[in-house]
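The structure file my_file_39.txt is reproduced below (compact mmCIF, N, CA and C atoms).
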```txt
# COMPACT_ATOMS: atom_id res chain seq x y z
N MET A 1 107.47 107.97 125.60
CA MET A 1 108.40 107.56 124.57
C MET A 1 107.72 106.63 123.56
N THR A 2 108.23 106.61 122.39
CA THR A 2 107.73 105.77 121.31
C THR A 2 108.18 104.33 121.50
N GLU A 3 107.29 103.41 121.19
CA GLU A 3 107.65 101.99 121.19
C GLU A 3 108.35 101.70 119.86
N ILE A 4 109.54 101.12 119.95
CA ILE A 4 110.31 100.78 118.75
C ILE A 4 110.43 99.26 118.68
N ARG A 5 109.98 98.69 117.57
CA ARG A 5 110.09 97.25 117.36
C ARG A 5 111.04 96.98 116.19
N PHE A 6 112.00 96.12 116.43
CA PHE A 6 112.90 95.68 115.37
C PHE A 6 112.44 94.33 114.87
N TYR A 7 112.23 94.21 113.56
CA TYR A 7 111.82 92.96 112.94
C TYR A 7 112.98 92.45 112.08
N HIS A 8 113.60 91.38 112.55
CA HIS A 8 114.77 90.78 111.93
C HIS A 8 114.31 89.70 110.95
N LEU A 9 114.41 89.99 109.66
CA LEU A 9 113.98 89.05 108.63
C LEU A 9 115.07 88.01 108.39
N THR A 10 114.72 86.74 108.52
CA THR A 10 115.67 85.66 108.25
C THR A 10 115.09 84.62 107.32
N ARG A 11 113.78 84.53 107.22
CA ARG A 11 113.13 83.47 106.45
C ARG A 11 112.29 84.00 105.28
N LYS A 12 111.64 85.10 105.48
CA LYS A 12 110.77 85.67 104.45
C LYS A 12 111.27 87.07 104.10
N ALA A 13 111.03 87.45 102.85
CA ALA A 13 111.40 88.78 102.38
C ALA A 13 110.39 89.82 102.86
N LEU A 14 110.79 91.05 102.80
CA LEU A 14 109.94 92.17 103.21
C LEU A 14 108.57 92.10 102.54
N GLU A 15 108.54 91.80 101.26
CA GLU A 15 107.28 91.76 100.53
C GLU A 15 106.28 90.78 101.12
N HIS A 16 106.75 89.74 101.76
CA HIS A 16 105.86 88.74 102.34
C HIS A 16 105.47 89.09 103.78
N VAL A 17 106.28 89.88 104.44
CA VAL A 17 106.04 90.24 105.84
C VAL A 17 105.22 91.52 105.96
N LEU A 18 105.51 92.49 105.13
CA LEU A 18 104.86 93.80 105.23
C LEU A 18 103.34 93.72 105.15
N PRO A 19 102.75 92.98 104.20
CA PRO A 19 101.28 92.92 104.16
C PRO A 19 100.67 92.40 105.46
N GLU A 20 101.29 91.39 106.06
CA GLU A 20 100.79 90.84 107.33
C GLU A 20 100.79 91.91 108.42
N LEU A 21 101.89 92.65 108.51
CA LEU A 21 101.99 93.69 109.54
C LEU A 21 101.00 94.83 109.28
N LEU A 22 100.84 95.18 108.03
CA LEU A 22 99.88 96.25 107.69
C LEU A 22 98.45 95.81 107.94
N GLU A 23 98.13 94.56 107.64
CA GLU A 23 96.79 94.05 107.93
C GLU A 23 96.48 94.15 109.42
N LYS A 24 97.44 93.78 110.27
CA LYS A 24 97.24 93.87 111.72
C LYS A 24 97.06 95.32 112.16
N THR A 25 97.79 96.21 111.53
CA THR A 25 97.66 97.63 111.84
C THR A 25 96.25 98.12 111.53
N LEU A 26 95.76 97.78 110.35
CA LEU A 26 94.42 98.23 109.93
C LEU A 26 93.32 97.56 110.75
N GLU A 27 93.52 96.31 111.16
CA GLU A 27 92.54 95.63 112.02
C GLU A 27 92.35 96.38 113.33
N ARG A 28 93.37 97.09 113.78
CA ARG A 28 93.32 97.87 115.02
C ARG A 28 92.86 99.31 114.77
N ASN A 29 92.40 99.57 113.53
CA ASN A 29 91.94 100.90 113.13
C ASN A 29 93.02 101.96 113.29
N LEU A 30 94.25 101.58 112.98
CA LEU A 30 95.38 102.49 113.03
C LEU A 30 95.84 102.79 111.61
N LYS A 31 96.49 103.93 111.44
CA LYS A 31 97.06 104.31 110.15
C LYS A 31 98.57 104.08 110.19
N ALA A 32 99.15 103.92 108.99
CA ALA A 32 100.57 103.65 108.90
C ALA A 32 101.22 104.46 107.79
N VAL A 33 102.50 104.74 107.99
CA VAL A 33 103.38 105.24 106.95
C VAL A 33 104.44 104.16 106.76
N VAL A 34 104.69 103.82 105.49
CA VAL A 34 105.76 102.90 105.15
C VAL A 34 106.81 103.72 104.41
N MET A 35 107.99 103.83 105.02
CA MET A 35 109.07 104.60 104.41
C MET A 35 110.05 103.63 103.77
N ALA A 36 110.23 103.77 102.46
CA ALA A 36 111.12 102.90 101.70
C ALA A 36 112.35 103.68 101.25
N GLY A 37 113.31 102.95 100.69
CA GLY A 37 114.60 103.54 100.35
C GLY A 37 114.65 104.39 99.10
N SER A 38 113.64 104.30 98.23
CA SER A 38 113.67 105.06 96.98
C SER A 38 112.27 105.15 96.39
N PRO A 39 112.05 106.09 95.47
CA PRO A 39 110.75 106.15 94.80
C PRO A 39 110.44 104.87 94.03
N GLU A 40 111.46 104.26 93.45
CA GLU A 40 111.25 103.01 92.72
C GLU A 40 110.81 101.88 93.65
N ARG A 41 111.37 101.85 94.84
CA ARG A 41 111.00 100.83 95.82
C ARG A 41 109.56 101.06 96.29
N VAL A 42 109.18 102.31 96.48
CA VAL A 42 107.80 102.63 96.85
C VAL A 42 106.85 102.10 95.79
N GLU A 43 107.16 102.34 94.52
CA GLU A 43 106.30 101.87 93.44
C GLU A 43 106.23 100.34 93.42
N ALA A 44 107.35 99.67 93.63
CA ALA A 44 107.36 98.20 93.64
C ALA A 44 106.51 97.67 94.80
N LEU A 45 106.65 98.26 95.98
CA LEU A 45 105.85 97.82 97.13
C LEU A 45 104.37 98.11 96.90
N THR A 46 104.06 99.27 96.32
CA THR A 46 102.67 99.62 96.02
C THR A 46 102.04 98.57 95.10
N GLN A 47 102.75 98.23 94.05
CA GLN A 47 102.23 97.23 93.11
C GLN A 47 102.07 95.88 93.79
N TYR A 48 103.02 95.51 94.63
CA TYR A 48 102.93 94.23 95.32
C TYR A 48 101.71 94.19 96.25
N LEU A 49 101.46 95.29 96.96
CA LEU A 49 100.33 95.32 97.90
C LEU A 49 98.98 95.20 97.19
N TRP A 50 98.94 95.58 95.92
CA TRP A 50 97.69 95.41 95.15
C TRP A 50 97.47 93.96 94.75
N THR A 51 98.54 93.18 94.66
CA THR A 51 98.43 91.84 94.07
C THR A 51 98.82 90.69 94.99
N TYR A 52 99.27 90.96 96.21
CA TYR A 52 99.83 89.91 97.06
C TYR A 52 98.81 88.83 97.42
N ASN A 53 97.54 89.18 97.48
CA ASN A 53 96.51 88.20 97.81
C ASN A 53 95.22 88.58 97.07
N PRO A 54 94.80 87.76 96.13
CA PRO A 54 93.60 88.11 95.35
C PRO A 54 92.31 88.13 96.17
N ASN A 55 92.35 87.60 97.40
CA ASN A 55 91.16 87.56 98.25
C ASN A 55 91.12 88.66 99.30
N LYS A 56 92.10 89.55 99.27
CA LYS A 56 92.14 90.62 100.26
C LYS A 56 92.39 91.95 99.58
N PHE A 57 91.92 93.00 100.25
CA PHE A 57 92.16 94.36 99.79
C PHE A 57 92.85 95.11 100.91
N LEU A 58 94.01 95.63 100.62
CA LEU A 58 94.76 96.40 101.61
C LEU A 58 94.84 97.84 101.10
N PRO A 59 93.99 98.73 101.61
CA PRO A 59 93.96 100.10 101.09
C PRO A 59 95.27 100.83 101.39
N HIS A 60 95.82 101.44 100.37
CA HIS A 60 97.08 102.17 100.51
C HIS A 60 97.24 103.14 99.35
N GLY A 61 98.20 104.03 99.50
CA GLY A 61 98.47 104.98 98.44
C GLY A 61 99.86 105.57 98.59
N SER A 62 100.24 106.31 97.56
CA SER A 62 101.53 106.99 97.53
C SER A 62 101.34 108.35 96.87
N GLU A 63 102.42 109.07 96.70
CA GLU A 63 102.34 110.38 96.07
C GLU A 63 101.67 110.28 94.70
N LYS A 64 101.91 109.21 94.00
CA LYS A 64 101.32 109.00 92.68
C LYS A 64 99.79 108.98 92.75
N ASP A 65 99.24 108.47 93.87
CA ASP A 65 97.79 108.39 94.05
C ASP A 65 97.19 109.66 94.61
N GLY A 66 97.97 110.39 95.42
CA GLY A 66 97.49 111.61 96.04
C GLY A 66 96.57 111.35 97.22
N ASN A 67 95.92 112.38 97.69
CA ASN A 67 94.99 112.31 98.82
C ASN A 67 95.61 111.64 100.05
N ALA A 68 96.81 112.04 100.39
CA ALA A 68 97.55 111.41 101.48
C ALA A 68 96.76 111.37 102.78
N GLU A 69 96.06 112.43 103.08
CA GLU A 69 95.33 112.50 104.35
C GLU A 69 94.23 111.46 104.45
N MET A 70 93.80 110.92 103.32
CA MET A 70 92.72 109.93 103.30
C MET A 70 93.24 108.49 103.27
N GLN A 71 94.53 108.32 103.09
CA GLN A 71 95.09 106.98 102.92
C GLN A 71 95.40 106.35 104.29
N PRO A 72 94.88 105.15 104.58
CA PRO A 72 95.20 104.48 105.84
C PRO A 72 96.63 103.97 105.87
N VAL A 73 97.20 103.69 104.70
CA VAL A 73 98.60 103.30 104.59
C VAL A 73 99.22 104.17 103.49
N TRP A 74 100.27 104.89 103.86
CA TRP A 74 100.93 105.80 102.94
C TRP A 74 102.35 105.30 102.73
N LEU A 75 102.73 105.07 101.47
CA LEU A 75 104.08 104.64 101.12
C LEU A 75 104.86 105.81 100.55
N THR A 76 106.09 105.98 101.04
CA THR A 76 106.86 107.15 100.66
C THR A 76 108.36 106.90 100.82
N PRO A 77 109.18 107.57 100.03
CA PRO A 77 110.62 107.52 100.26
C PRO A 77 111.09 108.67 101.18
N ARG A 78 110.15 109.54 101.55
CA ARG A 78 110.49 110.72 102.36
C ARG A 78 110.05 110.56 103.82
N ASP A 79 110.68 111.32 104.67
CA ASP A 79 110.35 111.34 106.09
C ASP A 79 109.17 112.29 106.29
N GLU A 80 107.97 111.75 106.08
CA GLU A 80 106.75 112.56 106.16
C GLU A 80 105.65 111.75 106.84
N ARG A 81 104.64 112.46 107.29
CA ARG A 81 103.51 111.83 107.99
C ARG A 81 102.22 112.53 107.57
N PRO A 82 101.88 112.50 106.29
CA PRO A 82 100.74 113.28 105.79
C PRO A 82 99.38 112.72 106.16
N ASN A 83 99.31 111.49 106.66
CA ASN A 83 98.02 110.89 107.01
C ASN A 83 97.82 110.76 108.51
N ASN A 84 98.66 111.46 109.30
CA ASN A 84 98.59 111.42 110.76
C ASN A 84 98.64 109.99 111.30
N ALA A 85 99.49 109.18 110.72
CA ALA A 85 99.63 107.77 111.10
C ALA A 85 100.16 107.62 112.52
N GLU A 86 99.75 106.51 113.15
CA GLU A 86 100.25 106.17 114.48
C GLU A 86 101.47 105.25 114.40
N ILE A 87 101.58 104.51 113.27
CA ILE A 87 102.63 103.51 113.11
C ILE A 87 103.51 103.88 111.92
N LEU A 88 104.83 103.79 112.13
CA LEU A 88 105.80 104.02 111.06
C LEU A 88 106.56 102.73 110.81
N PHE A 89 106.58 102.29 109.56
CA PHE A 89 107.37 101.13 109.15
C PHE A 89 108.57 101.64 108.37
N LEU A 90 109.76 101.36 108.85
CA LEU A 90 110.99 101.76 108.17
C LEU A 90 111.57 100.53 107.47
N THR A 91 111.76 100.63 106.16
CA THR A 91 112.28 99.52 105.37
C THR A 91 113.51 99.98 104.61
N ASP A 92 114.25 99.04 104.07
CA ASP A 92 115.39 99.34 103.20
C ASP A 92 116.43 100.24 103.87
N GLY A 93 116.50 100.23 105.18
CA GLY A 93 117.46 101.08 105.90
C GLY A 93 117.02 102.53 106.02
N ALA A 94 115.78 102.84 105.64
CA ALA A 94 115.28 104.21 105.76
C ALA A 94 115.31 104.64 107.22
N GLN A 95 115.57 105.92 107.45
CA GLN A 95 115.63 106.46 108.80
C GLN A 95 114.74 107.69 108.91
N SER A 96 114.20 107.87 110.11
CA SER A 96 113.28 108.98 110.34
C SER A 96 113.74 109.81 111.54
N ASP A 97 113.58 111.12 111.42
CA ASP A 97 113.83 112.03 112.54
C ASP A 97 112.52 112.30 113.28
N ARG A 98 111.44 111.62 112.91
CA ARG A 98 110.12 111.91 113.45
C ARG A 98 109.57 110.79 114.34
N ALA A 99 110.43 109.91 114.82
CA ALA A 99 109.97 108.75 115.61
C ALA A 99 109.07 109.17 116.76
N ALA A 100 109.36 110.28 117.40
CA ALA A 100 108.58 110.73 118.56
C ALA A 100 107.15 111.10 118.19
N GLU A 101 106.85 111.30 116.91
CA GLU A 101 105.49 111.64 116.47
C GLU A 101 104.58 110.42 116.38
N TYR A 102 105.17 109.23 116.44
CA TYR A 102 104.42 108.00 116.26
C TYR A 102 104.27 107.27 117.59
N THR A 103 103.24 106.45 117.68
CA THR A 103 103.06 105.57 118.83
C THR A 103 104.05 104.43 118.76
N ARG A 104 104.27 103.93 117.53
CA ARG A 104 105.16 102.78 117.33
C ARG A 104 105.94 102.96 116.03
N VAL A 105 107.20 102.59 116.08
CA VAL A 105 108.05 102.55 114.90
C VAL A 105 108.51 101.11 114.73
N CYS A 106 108.37 100.58 113.52
CA CYS A 106 108.78 99.21 113.22
C CYS A 106 109.94 99.25 112.23
N GLU A 107 111.11 98.89 112.71
CA GLU A 107 112.31 98.81 111.89
C GLU A 107 112.36 97.40 111.32
N ILE A 108 112.22 97.26 110.02
CA ILE A 108 112.24 95.95 109.38
C ILE A 108 113.53 95.85 108.57
N PHE A 109 114.35 94.84 108.89
CA PHE A 109 115.64 94.73 108.21
C PHE A 109 115.96 93.29 107.84
N ASP A 110 116.75 93.13 106.79
CA ASP A 110 117.16 91.83 106.28
C ASP A 110 118.34 91.34 107.10
N GLY A 111 118.10 90.35 107.95
CA GLY A 111 119.15 89.81 108.81
C GLY A 111 120.18 89.00 108.07
N ASN A 112 119.96 88.72 106.79
CA ASN A 112 120.93 87.98 105.98
C ASN A 112 121.91 88.92 105.29
N ASN A 113 121.71 90.21 105.47
CA ASN A 113 122.56 91.23 104.87
C ASN A 113 123.39 91.86 105.99
N GLU A 114 124.70 91.65 105.97
CA GLU A 114 125.57 92.12 107.06
C GLU A 114 125.51 93.64 107.24
N GLU A 115 125.42 94.37 106.15
CA GLU A 115 125.34 95.83 106.23
C GLU A 115 124.03 96.27 106.91
N ALA A 116 122.93 95.64 106.54
CA ALA A 116 121.63 95.95 107.15
C ALA A 116 121.64 95.59 108.63
N LEU A 117 122.26 94.48 108.97
CA LEU A 117 122.34 94.04 110.36
C LEU A 117 123.17 95.02 111.19
N ALA A 118 124.30 95.45 110.67
CA ALA A 118 125.15 96.40 111.38
C ALA A 118 124.44 97.74 111.56
N SER A 119 123.72 98.17 110.53
CA SER A 119 122.97 99.43 110.61
C SER A 119 121.86 99.33 111.66
N ALA A 120 121.17 98.19 111.70
CA ALA A 120 120.10 97.99 112.70
C ALA A 120 120.67 98.03 114.11
N ARG A 121 121.81 97.43 114.31
CA ARG A 121 122.45 97.46 115.64
C ARG A 121 122.78 98.89 116.06
N LYS A 122 123.26 99.67 115.11
CA LYS A 122 123.60 101.07 115.39
C LYS A 122 122.33 101.85 115.77
N ARG A 123 121.24 101.62 115.02
CA ARG A 123 119.99 102.33 115.31
C ARG A 123 119.41 101.89 116.65
N TRP A 124 119.56 100.60 116.99
CA TRP A 124 119.11 100.11 118.30
C TRP A 124 119.78 100.92 119.40
N GLY A 125 121.10 101.09 119.29
CA GLY A 125 121.85 101.85 120.30
C GLY A 125 121.37 103.29 120.40
N ALA A 126 121.10 103.91 119.26
CA ALA A 126 120.63 105.30 119.26
C ALA A 126 119.26 105.41 119.92
N TYR A 127 118.36 104.50 119.59
CA TYR A 127 117.02 104.51 120.20
C TYR A 127 117.11 104.26 121.70
N LYS A 128 117.97 103.34 122.08
CA LYS A 128 118.12 103.01 123.50
C LYS A 128 118.65 104.22 124.27
N SER A 129 119.63 104.89 123.70
CA SER A 129 120.19 106.10 124.33
C SER A 129 119.14 107.19 124.48
N ALA A 130 118.20 107.22 123.54
CA ALA A 130 117.14 108.24 123.57
C ALA A 130 116.02 107.87 124.53
N GLY A 131 116.07 106.65 125.09
CA GLY A 131 115.09 106.25 126.10
C GLY A 131 113.82 105.63 125.56
N HIS A 132 113.83 105.20 124.31
CA HIS A 132 112.64 104.57 123.74
C HIS A 132 112.45 103.16 124.30
N ASP A 133 111.21 102.68 124.24
CA ASP A 133 110.85 101.33 124.65
C ASP A 133 111.13 100.39 123.48
N LEU A 134 112.14 99.51 123.62
CA LEU A 134 112.59 98.68 122.51
C LEU A 134 112.19 97.23 122.65
N SER A 135 111.88 96.60 121.51
CA SER A 135 111.70 95.14 121.47
C SER A 135 112.29 94.63 120.16
N TYR A 136 112.70 93.38 120.20
CA TYR A 136 113.37 92.76 119.07
C TYR A 136 112.67 91.47 118.72
N TRP A 137 112.23 91.35 117.46
CA TRP A 137 111.47 90.20 116.98
C TRP A 137 112.22 89.56 115.83
N GLN A 138 112.38 88.24 115.92
CA GLN A 138 113.08 87.50 114.88
C GLN A 138 112.16 86.44 114.30
N GLN A 139 112.27 86.21 113.01
CA GLN A 139 111.45 85.18 112.37
C GLN A 139 111.89 83.81 112.87
N GLY A 140 110.91 83.01 113.30
CA GLY A 140 111.17 81.65 113.74
C GLY A 140 110.42 80.67 112.87
N ASP A 141 110.46 79.41 113.23
CA ASP A 141 109.78 78.37 112.46
C ASP A 141 108.28 78.59 112.37
N LYS A 142 107.69 79.14 113.43
CA LYS A 142 106.24 79.29 113.49
C LYS A 142 105.80 80.74 113.64
N GLY A 143 106.59 81.65 113.15
CA GLY A 143 106.22 83.06 113.25
C GLY A 143 107.28 83.87 113.97
N TRP A 144 106.85 85.00 114.50
CA TRP A 144 107.78 85.92 115.15
C TRP A 144 108.07 85.47 116.57
N VAL A 145 109.34 85.56 116.96
CA VAL A 145 109.78 85.20 118.30
C VAL A 145 110.36 86.46 118.95
N ASN A 146 109.87 86.78 120.13
CA ASN A 146 110.39 87.93 120.86
C ASN A 146 111.75 87.53 121.43
N ALA A 147 112.80 88.14 120.91
CA ALA A 147 114.16 87.84 121.35
C ALA A 147 114.82 89.08 121.94
N THR A 148 114.02 89.94 122.56
CA THR A 148 114.52 91.19 123.12
C THR A 148 115.58 90.89 124.18
N PRO A 149 116.79 91.46 124.04
CA PRO A 149 117.81 91.25 125.06
C PRO A 149 117.38 91.86 126.39
N ILE A 150 117.69 91.17 127.44
CA ILE A 150 117.32 91.67 128.78
C ILE A 150 118.44 92.49 129.37
```
Mind turning this structure into structure tokens?
Amino acid sequence: MTEIRFYHLTRKALEHVLPELLEKTLERNLKAVVMAGSPERVEALTQYLWTYNPNKFLPHGSEKDGNAEMQPVWLTPRDERPNNAEILFLTDGAQSDRAAEYTRVCEIFDGNNEEALASARKRWGAYKSAGHDLSYWQQGDKGWVNATPI
């Protein structure tokens, strides 16, 4: 079964968290797909990843860039896996029918948004019913805190 991690944002926005998670993914020599809610959101995230830190380079691409199979991080509004990624990051409430194709799925949601929180709870139940290995991470004062219910 796929490992599913829920990342509950309470202190930092997605734009500040996503680069950190992608850097860790690439440090492990893994590929990622980032699925966003719209083509416009993909473009905004793409631009942010180019500029978030002037001292770092985070290789990534989208349909606009092409060569999906060569991209270590692929940003898309569609449920696709063109770079044979091991990790899927779901943002903006995006949902995938391909979770079983990945080693890990990271559901990142805004815990300050009641609709996003309710949707994440619903997805947790669906993943649990499907038998996936679940963990729940919440932003704390000093980073991520594992708050997985027992």
Any idea what the distance is between CA of Ala68 in chain A and CA of Arg81 in chain A? 8.8 Å
Select, from A:Glu3, A:Leu58, A:Leu88, A:Gln47, the residue with the minimum atom-to-atom distance to Glu23 in chain A, counting all atoms listed in the file. A:Leu58
What is the distance, in Å and to one decimal place, between CA of Leu117 in chain A and CA of Asn146 in chain A? 17.0 Å
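If you look at CA of Thr10 in chain A and CA of Ala130 in chain A, they are 27.3 Å away from each other.
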Which one of A:Asp92, A:Glu15, A:Glu107, A:Asp133 sits closest to Tyr48 in chain A if you count all atoms listed in the file?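 Distance minimum relative to Tyr48 in chain A lands on A:Glu15.
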DSSP says alpha helix (DSSP H) for which residues of chain A? Put them as a PyMOL selection string? chain A and resi 14-27+39-51+114-129
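Of the residues under consideration (A:Gln95, A:Pro149, A:Trp124, A:Gln71), A:Pro149 shows the shortest atom-to-atom contact distance to Tyr136 in chain A when counting all atoms listed in the file.
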Selected residue of minimal separation from Val34 in chain A among A:Phe89, A:Thr46, A:Ser96, A:Arg121, counting only N, CA and C atoms: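 Using only N, CA and C atoms, the shortest distance to Val34 in chain A belongs to A:Phe89.
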